[in-house]
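Containing compact mmCIF, C-alpha atoms: structure.txt.
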# COMPACT_ATOMS: atom_id res chain seq x y z
CA VAL X 112 109.02 142.84 145.96
CA HIS X 113 105.43 143.49 144.92
CA ALA X 114 103.01 140.78 145.96
CA GLU X 115 101.23 141.06 142.63
CA THR X 116 102.30 138.89 139.72
CA ILE X 117 102.14 140.47 136.29
CA HIS X 118 101.01 138.10 133.54
CA LEU X 119 102.80 138.95 130.32
CA LEU X 120 101.46 137.79 126.99
CA THR X 121 103.26 137.85 123.69
CA GLU X 122 103.20 136.34 120.21
CA ASN X 123 105.66 134.90 117.71
CA PHE X 124 107.24 138.02 116.25
CA PRO X 125 110.90 137.14 115.67
CA PRO X 126 113.49 138.32 116.49
CA LEU X 127 111.67 140.40 119.14
CA ASN X 128 109.52 137.80 120.83
CA MET X 129 109.38 134.15 119.78
CA SER X 130 109.10 130.59 121.00
CA ALA X 131 112.26 128.49 121.17
CA ASP X 132 110.69 125.78 118.98
CA GLY X 133 108.77 128.05 116.60
CA LYS X 134 105.39 126.80 117.84
CA ASN X 135 102.49 129.11 118.63
CA PHE X 136 102.44 128.30 122.33
CA ALA X 137 105.27 128.61 124.84
CA ARG X 138 105.81 129.45 128.50
CA GLY X 139 108.61 130.62 130.74
CA SER X 140 112.11 129.99 129.43
CA ASN X 141 110.75 128.67 126.12
CA VAL X 142 109.91 132.25 125.20
CA THR X 143 112.96 134.05 123.76
CA GLY X 144 113.84 137.07 121.62
CA ILE X 145 115.29 140.56 121.97
CA THR X 146 112.38 142.25 123.72
CA THR X 147 111.64 139.16 125.81
CA ASP X 148 115.18 139.30 127.19
CA ILE X 149 114.87 143.04 127.81
CA VAL X 150 111.54 142.54 129.62
CA ARG X 151 112.92 139.72 131.81
CA LEU X 152 115.90 141.78 132.93
CA MET X 153 113.70 144.81 133.52
CA PHE X 154 111.29 142.88 135.78
CA LYS X 155 114.18 141.31 137.65
CA ARG X 156 115.79 144.69 138.30
CA ALA X 157 112.48 146.27 139.30
CA GLY X 158 111.82 143.40 141.72
CA VAL X 159 108.42 142.62 140.19
CA ASP X 160 107.14 139.06 139.89
CA TYR X 161 105.94 137.99 136.43
CA ARG X 162 104.95 135.08 134.23
CA VAL X 163 105.36 135.07 130.47
CA THR X 164 103.22 133.16 127.96
CA LEU X 165 103.39 133.21 124.18
CA ARG X 166 100.22 132.32 122.33
CA PHE X 167 98.16 132.81 119.21
CA PRO X 168 96.21 134.66 117.82
CA TRP X 169 97.46 138.16 118.55
CA LYS X 170 93.92 139.58 118.72
CA ARG X 171 93.05 137.40 121.71
CA VAL X 172 96.31 138.17 123.50
CA TYR X 173 95.80 141.89 122.95
CA GLU X 174 92.18 141.87 124.14
CA THR X 175 93.05 139.90 127.29
CA ALA X 176 95.52 142.63 128.26
CA ILE X 177 92.83 145.29 127.80
CA GLN X 178 90.31 143.39 129.94
CA LYS X 179 92.30 141.81 132.78
CA LYS X 180 94.03 143.56 135.65
CA ASN X 181 97.78 142.77 136.01
CA TYR X 182 97.98 141.54 132.42
CA GLY X 183 100.26 143.05 129.83
CA VAL X 184 101.22 142.49 126.23
CA PHE X 185 104.44 143.08 124.27
CA SER X 186 105.84 144.10 121.80
CA THR X 187 103.09 146.59 120.99
CA SER X 188 103.01 149.71 118.86
CA ARG X 189 102.03 152.75 120.90
CA THR X 190 99.57 154.45 118.56
CA ALA X 191 97.26 157.40 119.24
CA GLU X 192 94.25 155.04 119.04
CA ARG X 193 95.71 152.77 121.72
CA GLU X 194 97.21 155.42 124.03
CA ALA X 195 94.35 155.59 126.54
CA LEU X 196 93.75 151.82 126.63
CA PHE X 197 96.92 150.92 128.57
CA GLN X 198 99.74 152.05 130.82
CA TRP X 199 102.98 151.98 128.86
CA VAL X 200 106.50 150.76 129.60
CA GLY X 201 109.18 151.47 127.03
CA PRO X 202 110.20 151.86 124.38
CA LEU X 203 111.66 148.34 124.47
CA ALA X 204 112.75 148.51 120.83
CA GLU X 205 112.25 150.63 117.77
CA GLU X 206 111.64 149.58 114.26
CA TYR X 207 110.47 151.14 111.06
CA TRP X 208 107.71 149.96 108.85
CA VAL X 209 109.20 148.95 105.53
CA LEU X 210 108.12 147.78 102.10
CA LEU X 211 110.31 144.95 100.83
CA THR X 212 110.57 143.44 97.37
CA LYS X 213 112.65 140.69 95.82
CA ALA X 214 116.15 141.79 94.82
CA ASP X 215 115.38 141.67 91.09
CA SER X 216 112.07 143.55 91.34
CA PRO X 217 111.71 146.68 89.14
CA ILE X 218 109.32 148.32 91.64
CA THR X 219 110.21 151.79 92.91
CA ILE X 220 108.20 153.51 95.64
CA ASN X 221 108.53 157.22 96.37
CA SER X 222 105.36 157.60 98.38
CA LEU X 223 102.91 155.07 99.82
CA SER X 224 100.37 155.63 97.08
CA ASP X 225 102.92 154.21 94.60
CA ALA X 226 102.22 150.81 96.22
CA LYS X 227 98.54 150.85 95.20
CA PRO X 228 98.84 149.05 91.84
CA TRP X 229 100.91 146.21 93.33
CA LYS X 230 100.00 143.12 95.32
CA VAL X 231 100.95 144.08 98.87
CA GLY X 232 101.16 141.40 101.56
CA GLY X 233 100.66 142.17 105.25
CA TYR X 234 99.96 140.51 108.59
CA LYS X 235 96.30 140.22 109.62
CA ASP X 236 95.07 142.60 112.38
CA ASP X 237 98.48 144.26 112.60
CA ALA X 238 98.80 148.03 113.12
CA LEU X 239 100.80 148.29 109.87
CA THR X 240 98.09 146.53 107.85
CA GLU X 241 95.45 148.83 109.38
CA PHE X 242 97.60 151.86 108.57
CA LEU X 243 97.92 150.91 104.89
CA THR X 244 94.25 149.93 104.56
CA ASN X 245 93.19 153.30 105.99
CA ARG X 246 95.25 154.94 103.24
CA GLY X 247 93.48 153.10 100.47
CA ILE X 248 96.05 150.38 99.85
CA SER X 249 94.42 146.99 99.61
CA VAL X 250 96.49 144.53 101.61
CA ILE X 251 96.45 140.78 101.06
CA GLU X 252 96.34 139.61 104.68
CA ALA X 253 98.17 136.54 105.97
CA HIS X 254 97.60 134.80 109.31
CA SER X 255 101.33 134.96 110.04
CA ASP X 256 104.16 137.08 108.71
CA GLN X 257 106.10 133.88 107.80
CA LEU X 258 103.41 133.16 105.23
CA ASN X 259 104.22 136.45 103.52
CA VAL X 260 107.79 135.27 102.95
CA ARG X 261 106.47 132.10 101.31
CA LYS X 262 104.05 134.14 99.17
CA MET X 263 106.93 136.39 98.14
CA LYS X 264 108.96 133.36 97.07
CA ILE X 265 106.26 132.18 94.68
CA ASN X 266 105.33 135.71 93.52
CA LYS X 267 101.87 135.68 95.11
CA ILE X 268 102.76 139.15 96.41
CA ASP X 269 105.00 141.85 94.89
CA ILE X 270 105.59 143.88 98.03
CA TRP X 271 105.80 142.76 101.63
CA ALA X 272 104.82 145.33 104.28
CA THR X 273 106.64 144.39 107.48
CA GLY X 274 108.98 145.59 110.22
CA SER X 275 112.62 146.53 109.65
CA LEU X 276 113.78 144.07 112.35
CA SER X 277 111.27 141.27 111.94
CA GLY X 278 111.06 141.14 108.14
CA PRO X 279 114.72 140.42 107.32
CA TYR X 280 114.96 137.98 110.24
CA LEU X 281 111.93 135.98 109.08
CA ALA X 282 113.15 135.98 105.47
CA LYS X 283 116.48 134.56 106.62
CA GLN X 284 114.67 131.83 108.60
CA GLU X 285 112.67 130.90 105.50
CA GLY X 286 115.77 130.87 103.30
CA LEU X 287 114.89 133.96 101.27
CA SER X 288 117.85 136.28 100.93
CA GLY X 289 118.53 139.55 99.17
CA LEU X 290 115.26 141.32 99.81
CA LYS X 291 115.34 144.97 98.88
CA GLN X 292 113.89 147.74 101.02
CA VAL X 293 112.04 150.06 98.64
CA PHE X 294 110.40 152.30 101.22
CA SER X 295 110.59 152.99 104.92
CA PHE X 296 108.14 155.02 107.01
CA ASN X 297 106.63 155.50 110.44
CA LYS X 298 109.34 154.89 112.98
CA ASN X 299 107.55 152.60 115.35
CA ASP X 300 108.46 152.36 119.02
CA LEU X 301 107.49 149.05 120.57
CA TYR X 302 106.28 148.89 124.15
CA LEU X 303 105.00 146.71 126.92
CA ALA X 304 101.33 147.68 127.27
CA LEU X 305 99.96 147.01 130.76
CA ASN X 306 96.31 146.83 131.75
CA LYS X 307 94.98 150.21 132.91
CA ASP X 308 94.20 148.95 136.43
CA THR X 309 97.75 147.75 137.08
CA ASN X 310 99.39 149.44 140.09
CA PRO X 311 100.98 152.66 138.69
CA GLU X 312 103.85 152.18 141.16
CA ILE X 313 104.82 148.99 139.30
CA VAL X 314 104.68 150.80 135.95
CA LYS X 315 106.95 153.53 137.32
CA LYS X 316 109.47 150.99 138.70
CA LEU X 317 109.63 149.14 135.38
CA ASN X 318 110.22 152.33 133.40
CA GLU X 319 112.98 153.37 135.81
CA ALA X 320 114.67 149.96 135.52
CA LEU X 321 114.45 150.16 131.73
CA ASN X 322 116.02 153.63 131.62
CA LYS X 323 118.96 152.41 133.71
CA MET X 324 119.39 149.43 131.39
CA ARG X 325 119.50 151.79 128.43
CA GLN X 326 122.18 153.90 130.12
CA ASP X 327 124.39 151.05 131.34
CA GLY X 328 124.55 149.27 127.97
CA SER X 329 122.45 146.22 128.98
CA ILE X 330 120.03 146.73 126.09
CA GLU X 331 122.76 147.02 123.47
CA LYS X 332 124.31 143.83 124.86
CA ILE X 333 121.02 141.95 124.37
CA TYR X 334 120.72 143.21 120.77
CA ARG X 335 124.22 142.00 119.98
CA GLN X 336 123.31 138.41 120.91
CA TYR X 337 120.74 138.35 118.09
CA ARG X 338 122.73 139.92 115.27
Could you take the file, read its structure, and then write that structure out as structure tokens?
Amino acid sequence: VHAETIHLLTENFPPLNMSADGKNFARGSNVTGITTDIVRLMFKRAGVDYRVTLRFPWKRVYETAIQKKNYGVFSTSRTAEREALFQWVGPLAEEYWVLLTKADSPITINSLSDAKPWKVGGYKDDALTEFLTNRGISVIEAHSDQLNVRKMKINKIDIWATGSLSGPYLAKQEGLSGLKQVFSFNKNDLYLALNKDTNPEIVKKLNEALNKMRQDGSIEKIYRQYR
């Protein structure tokens, strides 16, 4: 077992990583979710000691992982801009970016620019929001993705830009059913991003453990518990 402890940070991003009570701070076994379970099993199999903390806001969590040795953050999109900032373990999960509308909405989207005239809701400082903004779509930013569900309910937004796993899960939690996916783009692999100065040997062990889990069906088994 490696003497070093890896400090893992995450945020509320159901059903991937979330706190058991829905609050914005949790530690240890109070942090749950699909990728959290995958990460726990992966560390156990790799024989690497870790601690997991869920906190808010995402920006602070993300910046801590960039600055501090033996810190890591999940579930993170591995984008070209971020590639050199971390060492990567994964993918832990994959999701697509999607545009959702209410079931009775007349909106049709054939390319992203079709979203421009509509009120599009997104999550502040998220890679998806950045992506849309860079393409000239003005996004109404919310401090949490749950808030976008509430805005959708009262027609404050026409389109919700979110993840294919997280969006429908959050909508269900907030009692909003029958959302319609009008567009899907950018398959997005989600990773554990570890600080650059973390021992590369640890990174290698974690990736090897994860690959075995993928092969032996452990990952699929975890997914099934959340469906």
Nearest to Phe294 of chain X by atom-to-atom distance, counting only C-alpha atoms, from X:Leu210, X:Ala272, X:Val184, X:Ile218
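That would be X:Leu210, the residue with the smallest distance to Phe294 of chain X.
The shortest atom-to-atom distance to Arg325 of chain X, with only C-alpha atoms taken into account, belongs to X:Leu152 out of X:Leu287, X:Leu239, X:Leu196, X:Leu152.
Distances here use all atoms listed in the file; by that measure, the residue among X:Ile220, X:Thr273, X:Leu317, X:Phe242 closest to Tyr161 of chain X is X:Leu317.
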Could you list as a list in words every residue that has an atom within 12 Å of (111.4, 149.5, 89.9), using the file's coordinates and counting all atoms listed in the file?
Leu211, Thr212, Lys213, Ala214, Asp215, Ser216, Pro217, Ile218, Thr219, Ile220, Asn221, Asp225, Ala226, Trp229, Asp269, Ile270, Lys291, Gln292, Val293 and Phe294 of chain X
Given 8 Å on each side, where is the centre and what are the edge lengths in Å to one decimal of the axis-aligned box enclosing the listed atoms of segment 210-217 of chain X, as JSON?
{"center_x": 112.1, "center_y": 144.2, "center_z": 95.6, "size_x": 24.0, "size_y": 23.1, "size_z": 29.0}
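With distances taken over all atoms listed in the file, X:Leu119 is the one residue among X:Ala204, X:Ile251, X:Leu290, X:Leu119 lying closest to Asn181 of chain X.
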Could you tell me, as a list in words, which residues have any atom at most 9 Å from (99.5, 141.3, 130.8), counting all atoms listed in the file?
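Protein and nucleic acid residues near the point are Ile117, His118, Leu119, Leu120, Thr121, Arg162, Val163, Val172, Tyr173, Thr175, Ala176, Ile177, Lys179, Lys180, Asn181, Tyr182, Gly183, Val184, Phe185, Leu303, Ala304, Leu305 and Asn306 of chain X.
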Identify which of the residues X:Thr164, X:Asn128, X:Asn259, X:Thr116 lies closest to Leu276 of chain X, counting all atoms listed in the file when measuring atom-to-atom distances.
X:Asn128
My list of candidates is X:Glu331, X:Asp132, X:Glu205, X:Glu319. Which is closest to Arg189 of chain X when distances are computed with all atoms listed in the file?
X:Glu205
